$ cat start-v4.csv   # CSV, C-alpha atoms and all ligand atoms
chain,number,residue,atom,x,y,z
A,1,MET,CA,-59.1,-54.2,136.4
A,2,THR,CA,-60.9,-50.9,137.4
A,3,ASN,CA,-60.8,-47.6,135.6
A,4,ALA,CA,-58.2,-46.4,138.1
A,5,ASP,CA,-56.0,-49.5,137.6
A,6,ILE,CA,-56.0,-49.1,133.8
A,7,ILE,CA,-55.5,-45.3,133.9
A,8,GLY,CA,-52.5,-45.8,136.3
A,9,LEU,CA,-50.8,-48.2,133.9
A,10,THR,CA,-51.5,-46.0,130.8
A,11,THR,CA,-50.2,-42.9,132.5
A,12,LYS,CA,-47.0,-44.6,133.5
A,13,HIS,CA,-46.2,-46.7,130.4
A,14,VAL,CA,-48.0,-45.5,127.3
A,15,ALA,CA,-46.6,-42.8,125.1
A,16,ASN,CA,-48.2,-39.6,126.2
A,17,THR,CA,-49.8,-38.7,122.8
A,18,TYR,CA,-53.5,-38.4,123.7
A,19,GLY,CA,-55.4,-36.2,126.0
A,20,ARG,CA,-57.7,-39.0,127.3
A,21,PHE,CA,-60.9,-38.9,129.3
A,22,PRO,CA,-60.6,-40.6,132.7
A,23,ILE,CA,-62.3,-43.8,131.9
A,24,ALA,CA,-61.4,-47.1,130.2
A,25,ILE,CA,-63.9,-48.7,127.9
A,26,VAL,CA,-63.8,-52.5,128.2
A,27,ARG,CA,-67.0,-53.7,126.4
A,28,GLY,CA,-69.3,-52.5,123.7
A,29,LYS,CA,-72.6,-53.6,122.0
A,30,GLY,CA,-74.3,-51.6,119.3
A,31,THR,CA,-74.5,-48.0,120.3
A,32,ARG,CA,-73.6,-48.7,124.0
A,33,VAL,CA,-70.3,-49.2,125.8
A,34,TRP,CA,-69.3,-49.9,129.3
A,35,ASP,CA,-66.3,-48.8,131.3
A,36,ALA,CA,-64.1,-50.9,133.6
A,37,ASP,CA,-66.2,-49.9,136.6
A,38,GLY,CA,-69.3,-51.1,134.9
A,39,ARG,CA,-70.9,-47.8,134.0
A,40,GLU,CA,-72.9,-47.6,130.7
A,41,TYR,CA,-72.6,-44.9,128.1
A,42,LEU,CA,-74.5,-44.0,124.9
A,43,ASP,CA,-71.8,-43.7,122.2
A,44,PHE,CA,-72.1,-40.9,119.6
A,45,THR,CA,-68.4,-41.2,118.7
A,46,SER,CA,-68.2,-44.7,117.2
A,47,GLY,CA,-64.5,-45.0,117.8
A,48,LEU,CA,-64.2,-41.9,115.7
A,49,ALA,CA,-66.3,-43.0,112.7
A,50,VAL,CA,-64.8,-46.5,112.8
A,51,CYS,CA,-67.6,-48.6,114.3
A,52,ASN,CA,-70.1,-47.7,111.7
A,53,LEU,CA,-72.1,-50.8,112.4
A,54,GLY,CA,-72.0,-50.3,116.1
A,55,HIS,CA,-69.7,-52.1,118.5
A,56,CYS,CA,-69.1,-55.8,118.0
A,57,HIS,CA,-71.6,-56.3,115.2
A,58,PRO,CA,-72.5,-60.0,115.3
A,59,LYS,CA,-71.7,-60.5,111.6
A,60,VAL,CA,-68.3,-58.9,111.9
A,61,VAL,CA,-67.6,-60.9,115.1
A,62,ALA,CA,-68.5,-64.1,113.4
A,63,ALA,CA,-66.3,-63.4,110.4
A,64,ILE,CA,-63.3,-62.6,112.6
A,65,LYS,CA,-63.8,-65.8,114.7
A,66,GLU,CA,-64.2,-68.0,111.7
A,67,GLN,CA,-61.2,-66.5,109.9
A,68,ALA,CA,-59.0,-66.6,113.1
A,69,GLU,CA,-59.5,-70.4,113.3
A,70,LYS,CA,-58.5,-70.8,109.6
A,71,LEU,CA,-55.6,-68.4,109.0
A,72,ILE,CA,-54.6,-65.2,110.8
A,73,HIS,CA,-51.6,-64.1,108.6
A,74,ILE,CA,-49.7,-65.4,105.6
A,75,SER,CA,-48.1,-62.4,103.7
A,76,ASN,CA,-48.7,-61.0,100.2
A,77,LEU,CA,-46.2,-63.5,98.8
A,78,TYR,CA,-49.3,-65.6,98.3
A,79,HIS,CA,-52.9,-64.9,97.2
A,80,ILE,CA,-55.4,-64.3,100.0
A,81,GLU,CA,-59.0,-65.4,99.6
A,82,THR,CA,-60.7,-62.8,101.7
A,83,GLN,CA,-58.5,-60.0,100.2
A,84,SER,CA,-59.5,-61.0,96.7
A,85,LEU,CA,-63.2,-61.0,97.7
A,86,LEU,CA,-63.1,-57.6,99.4
A,87,ALA,CA,-61.3,-56.1,96.4
A,88,LYS,CA,-64.0,-57.5,94.1
A,89,ALA,CA,-66.8,-56.1,96.4
A,90,LEU,CA,-65.1,-52.6,96.6
A,91,THR,CA,-64.5,-52.3,92.9
A,92,GLU,CA,-67.9,-53.6,91.9
A,93,ASN,CA,-69.5,-50.9,94.2
A,94,SER,CA,-67.3,-48.0,93.3
A,95,PHE,CA,-65.7,-46.1,90.4
A,96,GLY,CA,-62.4,-48.0,91.0
A,97,ASP,CA,-60.8,-51.0,89.3
A,98,ARG,CA,-58.0,-52.0,91.7
A,99,VAL,CA,-57.4,-51.9,95.4
A,100,PHE,CA,-54.2,-51.6,97.4
A,101,PHE,CA,-54.7,-52.7,101.0
A,102,CYS,CA,-52.8,-51.3,104.0
A,103,ASN,CA,-53.6,-50.7,107.7
A,104,SER,CA,-54.6,-47.1,108.3
A,105,GLY,CA,-55.9,-43.9,106.8
A,106,ALA,CA,-52.5,-42.3,106.8
A,107,GLU,CA,-51.0,-45.3,105.0
A,108,ALA,CA,-53.8,-45.2,102.4
A,109,ASN,CA,-53.0,-41.6,101.7
A,110,GLU,CA,-49.3,-42.3,101.5
A,111,SER,CA,-50.1,-44.9,99.0
A,112,ALA,CA,-52.2,-42.5,97.0
A,113,ILE,CA,-49.5,-39.9,96.9
A,114,LYS,CA,-46.9,-42.4,95.9
A,115,LEU,CA,-49.2,-43.8,93.1
A,116,ALA,CA,-49.7,-40.3,91.7
A,117,ARG,CA,-46.0,-39.6,91.6
A,118,LYS,CA,-45.2,-43.0,90.0
A,119,TYR,CA,-48.0,-42.5,87.5
A,120,PHE,CA,-46.4,-39.3,86.1
A,121,SER,CA,-42.9,-40.5,86.6
A,122,ASN,CA,-43.7,-43.5,84.3
A,123,LYS,CA,-45.0,-41.1,81.7
A,124,GLY,CA,-41.7,-39.1,81.9
A,125,LEU,CA,-43.7,-36.0,83.1
A,126,PRO,CA,-42.3,-33.8,85.9
A,127,ARG,CA,-45.5,-33.7,87.9
A,128,TYR,CA,-44.9,-34.2,91.6
A,129,GLN,CA,-46.8,-31.5,93.4
A,130,VAL,CA,-50.0,-32.2,95.4
A,131,LEU,CA,-52.6,-29.6,96.1
A,132,THR,CA,-54.5,-30.1,99.3
A,133,MET,CA,-57.0,-28.0,101.2
A,134,GLU,CA,-56.7,-25.6,104.2
A,135,GLN,CA,-58.3,-27.2,107.3
A,136,SER,CA,-57.8,-30.7,105.8
A,137,PHE,CA,-56.7,-33.7,107.7
A,138,HIS,CA,-54.9,-36.6,106.0
A,139,GLY,CA,-53.0,-38.3,108.8
A,140,ARG,CA,-49.8,-38.2,110.9
A,141,THR,CA,-47.1,-39.9,108.8
A,142,MET,CA,-44.7,-37.5,107.1
A,143,ALA,CA,-46.3,-37.2,103.7
A,144,ALA,CA,-49.9,-37.3,105.1
A,145,LEU,CA,-48.8,-34.6,107.6
A,146,ALA,CA,-47.4,-32.4,104.8
A,147,ALA,CA,-50.7,-32.9,103.0
A,148,THR,CA,-52.7,-31.9,106.1
A,149,GLY,CA,-53.7,-28.2,105.9
A,150,GLN,CA,-53.5,-27.4,109.6
A,151,LYS,CA,-50.4,-25.9,111.2
A,152,LYS,CA,-51.2,-27.3,114.7
A,153,TYR,CA,-50.4,-30.9,113.5
A,154,GLN,CA,-47.2,-29.9,111.7
A,155,ALA,CA,-45.5,-27.8,114.4
A,156,GLY,CA,-42.2,-29.2,115.5
A,157,PHE,CA,-41.9,-31.8,112.8
A,158,GLU,CA,-40.4,-29.5,110.1
A,159,PRO,CA,-38.9,-29.7,107.6
A,160,LEU,CA,-42.0,-31.2,106.1
A,161,LEU,CA,-42.0,-33.3,102.9
A,162,GLU,CA,-41.8,-30.8,100.0
A,163,LYS,CA,-44.3,-30.1,97.2
A,164,PHE,CA,-47.6,-29.9,99.0
A,165,ILE,CA,-49.5,-26.7,98.5
A,166,HIS,CA,-52.6,-25.8,100.5
A,167,VAL,CA,-55.5,-23.8,99.0
A,168,PRO,CA,-58.8,-22.6,100.5
A,169,PHE,CA,-61.5,-25.3,100.6
A,170,ASN,CA,-64.6,-24.9,98.4
A,171,ASP,CA,-62.8,-22.1,96.4
A,172,ILE,CA,-62.6,-23.1,92.7
A,173,GLU,CA,-60.7,-20.0,91.7
A,174,ALA,CA,-57.9,-20.7,94.2
A,175,ALA,CA,-57.6,-24.2,92.8
A,176,LYS,CA,-57.5,-23.0,89.3
A,177,ARG,CA,-54.9,-20.3,90.1
A,178,THR,CA,-52.6,-22.8,91.9
A,179,ILE,CA,-52.7,-25.8,89.6
A,180,ASN,CA,-49.6,-25.7,87.4
A,181,PRO,CA,-47.6,-27.9,85.0
A,182,SER,CA,-45.8,-29.6,88.0
A,183,THR,CA,-49.1,-30.5,89.8
A,184,ALA,CA,-49.7,-34.2,90.0
A,185,ALA,CA,-52.8,-34.4,92.0
A,186,VAL,CA,-55.5,-32.6,94.0
A,187,MET,CA,-56.3,-34.3,97.3
A,188,ILE,CA,-59.5,-33.4,99.1
A,189,GLU,CA,-61.9,-34.8,101.7
A,190,PRO,CA,-65.4,-34.7,100.1
A,191,ILE,CA,-66.5,-33.6,103.6
A,192,GLN,CA,-63.8,-32.3,105.9
A,193,GLY,CA,-64.1,-34.2,109.2
A,194,GLU,CA,-61.3,-33.2,111.6
A,195,GLY,CA,-61.3,-29.7,110.1
A,196,GLY,CA,-64.8,-29.0,111.5
A,197,VAL,CA,-67.4,-30.9,109.4
A,198,ASN,CA,-67.1,-28.7,106.3
A,199,VAL,CA,-69.3,-29.6,103.3
A,200,PRO,CA,-68.3,-28.2,99.8
A,201,SER,CA,-70.9,-27.3,97.2
A,202,VAL,CA,-71.9,-29.7,94.5
A,203,GLN,CA,-70.9,-27.1,91.9
A,204,TYR,CA,-67.4,-26.8,93.4
A,205,MET,CA,-66.8,-30.5,93.3
A,206,LYS,CA,-68.0,-30.8,89.7
A,207,GLU,CA,-65.8,-27.9,88.7
A,208,LEU,CA,-62.8,-29.3,90.5
A,209,ARG,CA,-63.3,-32.5,88.6
A,210,GLU,CA,-63.4,-30.6,85.3
A,211,VAL,CA,-60.4,-28.5,86.2
A,212,CYS,CA,-58.3,-31.6,87.1
A,213,THR,CA,-59.4,-33.4,83.9
A,214,LYS,CA,-58.5,-30.4,81.7
A,215,ALA,CA,-55.1,-29.9,83.4
A,216,GLY,CA,-54.3,-33.6,83.3
A,217,VAL,CA,-54.1,-33.7,87.1
A,218,LEU,CA,-55.3,-36.7,89.2
A,219,LEU,CA,-58.2,-36.1,91.6
A,220,MET,CA,-57.9,-38.0,94.9
A,221,PHE,CA,-60.7,-38.2,97.5
A,222,ASP,CA,-59.7,-38.9,101.0
A,223,GLU,CA,-62.8,-40.8,102.2
A,224,VAL,CA,-61.1,-42.3,105.3
A,225,GLN,CA,-63.7,-40.7,107.5
A,226,VAL,CA,-66.7,-40.2,105.3
A,227,GLY,CA,-66.6,-43.4,103.2
A,228,VAL,CA,-68.4,-46.6,103.8
A,229,GLY,CA,-71.9,-45.3,104.4
A,230,ARG,CA,-71.2,-42.4,106.8
A,231,THR,CA,-73.0,-39.8,104.5
A,232,GLY,CA,-75.9,-42.1,103.6
A,233,THR,CA,-74.4,-43.3,100.4
A,234,LEU,CA,-71.8,-46.0,100.3
A,235,PHE,CA,-69.1,-43.5,99.2
A,236,ALA,CA,-69.3,-39.7,99.9
A,237,TYR,CA,-68.4,-38.8,96.3
A,238,GLU,CA,-71.8,-40.2,95.2
A,239,ASN,CA,-73.4,-37.1,96.9
A,240,PHE,CA,-71.6,-34.8,94.3
A,241,GLY,CA,-72.1,-36.7,91.1
A,242,VAL,CA,-68.4,-36.9,90.4
A,243,THR,CA,-65.8,-39.6,90.6
A,244,PRO,CA,-62.2,-39.3,91.6
A,245,ASP,CA,-59.2,-41.1,90.0
A,246,ILE,CA,-58.0,-42.4,93.4
A,247,MET,CA,-59.9,-42.8,96.7
A,248,THR,CA,-58.7,-43.7,100.1
A,249,LEU,CA,-60.7,-45.6,102.8
A,250,ALA,CA,-59.9,-46.8,106.3
A,251,LYS,CA,-62.0,-46.0,109.4
A,252,GLY,CA,-65.4,-47.5,108.7
A,253,LEU,CA,-64.2,-50.2,106.4
A,254,ALA,CA,-63.8,-53.3,108.6
A,255,GLY,CA,-66.3,-52.9,111.5
A,256,GLY,CA,-63.5,-51.8,113.9
A,257,VAL,CA,-60.5,-53.8,112.7
A,258,ALA,CA,-57.5,-51.9,111.5
A,259,ILE,CA,-57.5,-51.6,107.7
A,260,GLY,CA,-56.7,-49.1,104.9
A,261,ALA,CA,-57.5,-49.2,101.2
A,262,MET,CA,-56.4,-47.1,98.2
A,263,ILE,CA,-58.7,-47.6,95.2
A,264,ALA,CA,-57.8,-46.4,91.7
A,265,THR,CA,-58.9,-46.7,88.1
A,266,GLU,CA,-57.2,-49.3,86.0
A,267,GLU,CA,-55.2,-46.7,84.1
A,268,VAL,CA,-53.8,-45.0,87.2
A,269,ALA,CA,-53.4,-48.2,89.2
A,270,ALA,CA,-51.3,-49.7,86.4
A,271,ALA,CA,-48.4,-47.5,87.6
A,272,PHE,CA,-47.9,-49.9,90.5
A,273,VAL,CA,-46.1,-53.1,89.5
A,274,PRO,CA,-44.5,-55.8,91.7
A,275,GLY,CA,-41.9,-54.2,93.9
A,276,THR,CA,-43.1,-50.6,93.7
A,277,HIS,CA,-45.2,-50.5,96.9
A,278,ALA,CA,-46.0,-53.0,99.7
A,279,SER,CA,-47.3,-53.5,103.2
A,280,THR,CA,-46.6,-56.6,105.3
A,281,PHE,CA,-50.0,-56.6,107.1
A,282,GLY,CA,-51.9,-55.0,104.2
A,283,GLY,CA,-55.0,-57.0,103.2
A,284,ASN,CA,-54.4,-59.7,105.8
A,285,PRO,CA,-57.0,-62.4,106.3
A,286,ILE,CA,-58.5,-61.1,109.5
A,287,ALA,CA,-58.9,-57.5,108.4
A,288,THR,CA,-60.3,-58.4,105.0
A,289,ALA,CA,-62.6,-61.0,106.4
A,290,ALA,CA,-64.0,-58.3,108.8
A,291,GLY,CA,-64.1,-55.8,105.9
A,292,LEU,CA,-66.1,-58.2,103.8
A,293,ALA,CA,-68.6,-58.9,106.5
A,294,ALA,CA,-68.9,-55.2,107.3
A,295,LEU,CA,-69.3,-54.1,103.7
A,296,LYS,CA,-71.9,-56.8,103.1
A,297,ALA,CA,-73.9,-55.6,106.2
A,298,VAL,CA,-73.7,-52.0,105.1
A,299,LEU,CA,-75.0,-52.9,101.7
A,300,GLU,CA,-77.6,-55.5,102.6
A,301,ASP,CA,-79.0,-54.7,106.0
A,302,GLY,CA,-80.7,-51.3,105.4
A,303,VAL,CA,-77.8,-49.4,107.0
A,304,LEU,CA,-77.6,-46.7,104.3
A,305,GLU,CA,-81.4,-46.2,104.5
A,306,ASN,CA,-81.2,-45.9,108.3
A,307,CYS,CA,-78.2,-43.5,108.1
A,308,LYS,CA,-80.2,-41.2,105.7
A,309,LYS,CA,-83.4,-41.4,107.8
A,310,VAL,CA,-81.9,-40.9,111.3
A,311,GLY,CA,-79.3,-38.5,109.9
A,312,ALA,CA,-82.1,-36.3,108.6
A,313,TYR,CA,-83.9,-36.6,111.9
A,314,LEU,CA,-80.8,-35.6,113.9
A,315,GLU,CA,-80.1,-32.7,111.5
A,316,GLY,CA,-83.7,-31.5,112.0
A,317,ARG,CA,-83.5,-31.7,115.7
A,318,LEU,CA,-80.1,-29.9,115.8
A,319,ASN,CA,-81.6,-27.2,113.5
A,320,GLY,CA,-84.5,-26.9,115.9
A,321,LEU,CA,-82.0,-26.1,118.6
A,322,LYS,CA,-80.3,-23.6,116.4
A,323,SER,CA,-83.6,-21.7,115.9
A,324,LYS,CA,-84.0,-21.7,119.6
A,325,TYR,CA,-80.5,-20.7,120.8
A,326,SER,CA,-78.6,-17.9,119.2
A,327,PHE,CA,-75.3,-19.3,120.5
A,328,ILE,CA,-75.6,-22.1,117.9
A,329,LYS,CA,-74.0,-20.6,114.8
A,330,GLU,CA,-74.5,-23.4,112.3
A,331,VAL,CA,-75.5,-27.0,111.8
A,332,ARG,CA,-73.9,-28.8,108.9
A,333,GLY,CA,-73.0,-32.2,107.5
A,334,LYS,CA,-74.5,-35.1,105.6
A,335,GLY,CA,-76.1,-38.3,106.8
A,336,LEU,CA,-74.5,-39.2,110.1
A,337,ILE,CA,-71.6,-36.9,110.1
A,338,LEU,CA,-73.0,-33.7,111.5
A,339,GLY,CA,-71.3,-30.7,113.1
A,340,MET,CA,-72.8,-28.0,115.4
A,341,GLU,CA,-70.7,-24.8,115.5
A,342,LEU,CA,-71.0,-22.8,118.7
A,343,GLU,CA,-70.4,-19.1,119.3
A,344,GLU,CA,-66.9,-18.0,120.1
A,345,GLY,CA,-66.2,-18.4,123.8
A,346,ILE,CA,-68.5,-21.5,124.4
A,347,LYS,CA,-66.1,-24.3,125.0
A,348,ALA,CA,-67.2,-27.4,123.1
A,349,GLY,CA,-64.6,-29.4,125.1
A,350,GLU,CA,-66.4,-28.5,128.4
A,351,ILE,CA,-69.7,-29.7,126.9
A,352,VAL,CA,-68.1,-33.0,125.9
A,353,LYS,CA,-66.7,-33.5,129.4
A,354,ASP,CA,-70.0,-32.7,131.0
A,355,CYS,CA,-71.9,-35.2,128.7
A,356,LEU,CA,-69.3,-37.9,129.6
A,357,SER,CA,-70.1,-37.4,133.3
A,358,LYS,CA,-73.8,-38.0,132.4
A,359,GLY,CA,-73.2,-41.2,130.4
A,360,LEU,CA,-72.9,-39.8,126.8
A,361,LEU,CA,-69.8,-40.1,124.6
A,362,LEU,CA,-69.6,-37.1,122.3
A,363,ASN,CA,-66.7,-35.5,120.5
A,364,CYS,CA,-65.7,-32.1,119.3
A,365,VAL,CA,-63.3,-30.9,116.6
A,366,GLY,CA,-61.4,-27.7,117.2
A,367,ASP,CA,-62.7,-25.5,120.1
A,368,LYS,CA,-66.2,-24.8,118.9
A,369,VAL,CA,-67.7,-27.6,116.8
A,370,LEU,CA,-69.5,-30.5,118.3
A,371,ARG,CA,-69.3,-33.5,115.9
A,372,PHE,CA,-72.0,-36.2,115.9
A,373,ILE,CA,-70.8,-39.4,114.4
A,374,PRO,CA,-72.9,-42.2,115.9
A,375,ALA,CA,-73.1,-45.7,114.5
A,376,LEU,CA,-75.1,-45.8,111.3
A,377,ILE,CA,-77.6,-48.2,113.1
A,378,VAL,CA,-78.5,-45.6,115.7
A,379,THR,CA,-82.2,-45.0,116.2
A,380,GLU,CA,-84.4,-41.9,116.5
A,381,LYS,CA,-85.1,-42.8,120.1
A,382,GLU,CA,-81.3,-42.8,120.8
A,383,VAL,CA,-81.0,-39.4,119.2
A,384,ASP,CA,-83.7,-38.2,121.6
A,385,GLU,CA,-81.8,-39.8,124.5
A,386,MET,CA,-78.6,-38.1,123.4
A,387,LEU,CA,-80.3,-34.7,123.1
A,388,ALA,CA,-81.9,-35.0,126.5
A,389,THR,CA,-78.4,-35.2,127.9
A,390,LEU,CA,-76.8,-32.6,125.6
A,391,VAL,CA,-79.3,-29.8,125.8
A,392,PRO,CA,-78.9,-29.1,129.5
A,393,SER,CA,-75.1,-29.2,129.0
A,394,LEU,CA,-75.3,-26.7,126.1
A,395,GLU,CA,-77.5,-24.4,128.1
A,396,ALA,CA,-75.1,-24.5,131.1
A,397,ALA,CA,-72.1,-23.9,128.9
A,398,ALA,CA,-73.8,-20.9,127.2
A,399,GLY,CA,-74.8,-19.6,130.6
A,400,ARG,CA,-71.2,-19.6,131.8
A,401,VAL,CA,-70.0,-17.3,128.9
B,501,LIG,C1,-58.6,-40.2,110.5
B,501,LIG,C2,-58.3,-39.7,109.2
B,501,LIG,C3,-57.0,-40.0,108.5
B,501,LIG,C4,-55.9,-40.7,109.2
B,501,LIG,O1,-56.3,-42.0,109.5
B,501,LIG,P1,-55.3,-42.9,110.5
B,501,LIG,O2,-56.0,-44.3,110.4
B,501,LIG,O3,-55.4,-42.3,111.9
B,501,LIG,O4,-54.0,-42.9,110.0
B,501,LIG,C5,-56.8,-39.5,107.3
B,501,LIG,N1,-57.8,-38.8,106.6
B,501,LIG,C6,-59.0,-38.5,107.2
B,501,LIG,C7,-60.0,-37.7,106.4
B,501,LIG,C8,-59.2,-38.9,108.5
B,501,LIG,O5,-60.4,-38.6,109.1
$ encode --input "start-v4.csv" --output "structure tokens" --more "lines below"
Ligand SMILES: *Cc1c(COP(=O)(O)O)cnc(C)c1O
Amino acid sequence: MTNADIIGLTTKHVANTYGRFPIAIVRGKGTRVWDADGREYLDFTSGLAVCNLGHCHPKVVAAIKEQAEKLIHISNLYHIETQSLLAKALTENSFGDRVFFCNSGAEANESAIKLARKYFSNKGLPRYQVLTMEQSFHGRTMAALAATGQKKYQAGFEPLLEKFIHVPFNDIEAAKRTINPSTAAVMIEPIQGEGGVNVPSVQYMKELREVCTKAGVLLMFDEVQVGVGRTGTLFAYENFGVTPDIMTLAKGLAGGVAIGAMIATEEVAAAFVPGTHASTFGGNPIATAAGLAALKAVLEDGVLENCKKVGAYLEGRLNGLKSKYSFIKEVRGKGLILGMELEEGIKAGEIVKDCLSKGLLLNCVGDKVLRFIPALIVTEKEVDEMLATLVPSLEAAAGRV
């Protein structure tokens, strides 16, 4: 099939929920992908922070193939070998003691919210409210949508699930003022992805931990986008020297296969017992075999070191552009999630389109922030290649204002 064939079918038969670019990607290898007409692209989007090891990483492919020949699905009525091993690896490498597996980021957050409510309900405490941040993104299901601090995602779906309160990000006084005896949890992305690549201060995160502990409130980190190596540490919370009570993962966890995970301390996780929560596909053999292979590669193949090194290089190059061009307002992020904020009026979306026409996949969040989320195996040479395409597009867009 050609791009045009695939676009024709999508346009006619698929729910119209995405503004898609006019190409169909049919193949990928590392940091490169190819469309149905055979054109090659350098990918700085990684399936939106999913393909952290690059496309079709050989170890992930081998794990999927091997597992597919043994057992594809069985249900959580029985114990699952790869699920038990992935849970062991995740808890041994994080603050957490127990993992609930599901299939997406939104589902992992739903699980976290349900666990927080159940935890306090078991104690007979009337705590049910969840504090989240303005500009946050937690997913599209009803509780995750209510948790999300951006009106544009919620419009038309009201009434939203009750008892979610949004406070300004990185503002400890606002959190202190708002936490009250009915607050169950504070949910926060350690770096906001969808909201514009916003990094809180270390001091804020430390104080937030203290405030939650003092008030008896659970602290939940949504690491769906920034977990599993994206910031240069296995988990983003390691950058702040604090640990949450609950953490959610999804995007980068299984090398591209759909998976979600909610990790909690023993004390909190104990609120879930047989019958309280479930997912038919959660922790299935294929997803957890892929997850195991991906996690092992992230930990053992120098992926974190490369992320730190190339992340620092990219950040340096972007800051170099910022010193040169006044229309670049700010460069921010950590490891290989970096954002470049452009002056009002310069349309990031136009730059993204222009780059696509030149063989570069790039992404923006909101109208004015370009987001760089390449595979964590990207090289400095590929960063140079990306910039050689981006810079003329940036200059042209700035010239049009
Ligand atoms: C993408 C994302 C989600 C939602 O994940 P889905 O798999 O699309 O449900 C939730 N939280 C954050 C921080 C995300 O970036």
$ residues_around --input "start-v4.csv" --residues "stretch 146-161 of chain A" --least-positions-apart "6" --cutoff "7 Å" --atoms "all atoms listed in the file" --output "count of residues only"
8
$ residues_near_ligand --input "start-v4.csv" --ligand "ligand LIG 501 (chain B)" --cutoff "8 Å" --atoms "all atoms listed in the file" --output "number ranges by chain"
A: 48, 103-109, 136-141, 144, 189, 192-194, 222-226, 250-251, 258-260
$ closest_residue --input "start-v4.csv" --among "A:Glu344, A:Asp367, A:Glu266, A:Glu300" --to "A:Val99" --atoms "all atoms listed in the file"
A:Glu266
$ atom_distance --input "start-v4.csv" --atom1 "atom CA of A:Gly283" --atom2 "atom CA of A:Ile64"
13.7 Å
$ atom_distance --input "start-v4.csv" --atom1 "atom CA of A:Leu336" --atom2 "atom CA of A:Glu380"
12.1 Å
$ residues_around --input "start-v4.csv" --residues "A:Lys296" --least-positions-apart "3" --cutoff "10 Å" --atoms "all atoms listed in the file" --output "list in words"
Lys59, Val60, Leu86, Ala89, Ala290, Gly291, Leu292, Ala293, Leu299, Glu300 and Asp301 of chain A
$ closest_residue --input "start-v4.csv" --among "A:Val211, A:Leu90, A:Ala271, A:Val197" --to "A:Lys334" --atoms "only C-alpha atoms"
A:Val197
$ residues_around --input "start-v4.csv" --residues "stretch 386-394 of chain A" --least-positions-apart "4" --cutoff "9 Å" --atoms "only C-alpha atoms" --output "VMD selection string"
chain A and resid 42 to 44 317 to 318 321 346 348 350 to 352 354 to 355 358 to 360 381 to 382 398 to 399
$ write_last_selection --input "start-v4.csv" --atoms "C-alpha atoms" --output "PDB file, keeping the file's coordinate frame"
ATOM      1  CA  LEU A  42     -74.500 -44.000 124.900  1.00  0.00           C
ATOM      2  CA  ASP A  43     -71.800 -43.700 122.200  1.00  0.00           C
ATOM      3  CA  PHE A  44     -72.100 -40.900 119.600  1.00  0.00           C
ATOM      4  CA  ARG A 317     -83.500 -31.700 115.700  1.00  0.00           C
ATOM      5  CA  LEU A 318     -80.100 -29.900 115.800  1.00  0.00           C
ATOM      6  CA  LEU A 321     -82.000 -26.100 118.600  1.00  0.00           C
ATOM      7  CA  ILE A 346     -68.500 -21.500 124.400  1.00  0.00           C
ATOM      8  CA  ALA A 348     -67.200 -27.400 123.100  1.00  0.00           C
ATOM      9  CA  GLU A 350     -66.400 -28.500 128.400  1.00  0.00           C
ATOM     10  CA  ILE A 351     -69.700 -29.700 126.900  1.00  0.00           C
ATOM     11  CA  VAL A 352     -68.100 -33.000 125.900  1.00  0.00           C
ATOM     12  CA  ASP A 354     -70.000 -32.700 131.000  1.00  0.00           C
ATOM     13  CA  CYS A 355     -71.900 -35.200 128.700  1.00  0.00           C
ATOM     14  CA  LYS A 358     -73.800 -38.000 132.400  1.00  0.00           C
ATOM     15  CA  GLY A 359     -73.200 -41.200 130.400  1.00  0.00           C
ATOM     16  CA  LEU A 360     -72.900 -39.800 126.800  1.00  0.00           C
ATOM     17  CA  LYS A 381     -85.100 -42.800 120.100  1.00  0.00           C
ATOM     18  CA  GLU A 382     -81.300 -42.800 120.800  1.00  0.00           C
ATOM     19  CA  ALA A 398     -73.800 -20.900 127.200  1.00  0.00           C
ATOM     20  CA  GLY A 399     -74.800 -19.600 130.600  1.00  0.00           C
TER      21      GLY A 399
END
$ atom_distance --input "start-v4.csv" --atom1 "atom CA of A:Phe169" --atom2 "atom CA of A:Pro244"
16.7 Å
$ closest_residue --input "start-v4.csv" --among "A:Thr231, A:Ser326, A:Asn239, A:Thr276" --to "A:Asn122" --atoms "all atoms listed in the file"
A:Thr276
$ residues_around --input "start-v4.csv" --residues "A:Ala269" --least-positions-apart "4" --cutoff "10 Å" --atoms "all atoms listed in the file" --output "PyMOL selection string"
chain A and resi 96-100+112+115-116+118-119+245-246+262-265+273
$ residues_around --input "start-v4.csv" --residues "A:Gly275" --least-positions-apart "4" --cutoff "12 Å" --atoms "all atoms listed in the file" --output "list of chain:residue names"
A:Asn76, A:Leu77, A:Ala271, A:Ser279
$ closest_residue --input "start-v4.csv" --among "A:Leu253, A:Val383, A:Ala143, A:Val331" --to "A:Leu314" --atoms "all atoms listed in the file"
A:Val383
$ closest_residue --input "start-v4.csv" --among "A:Leu342, A:Ala294, A:Asn284, A:Ala278" --to "A:Val228" --atoms "only C-alpha atoms"
A:Ala294
$ closest_residue --input "start-v4.csv" --among "A:Arg32, A:Arg27, A:Arg209, A:Lys322" --to "A:Ile377" --atoms "all atoms listed in the file"
A:Arg32
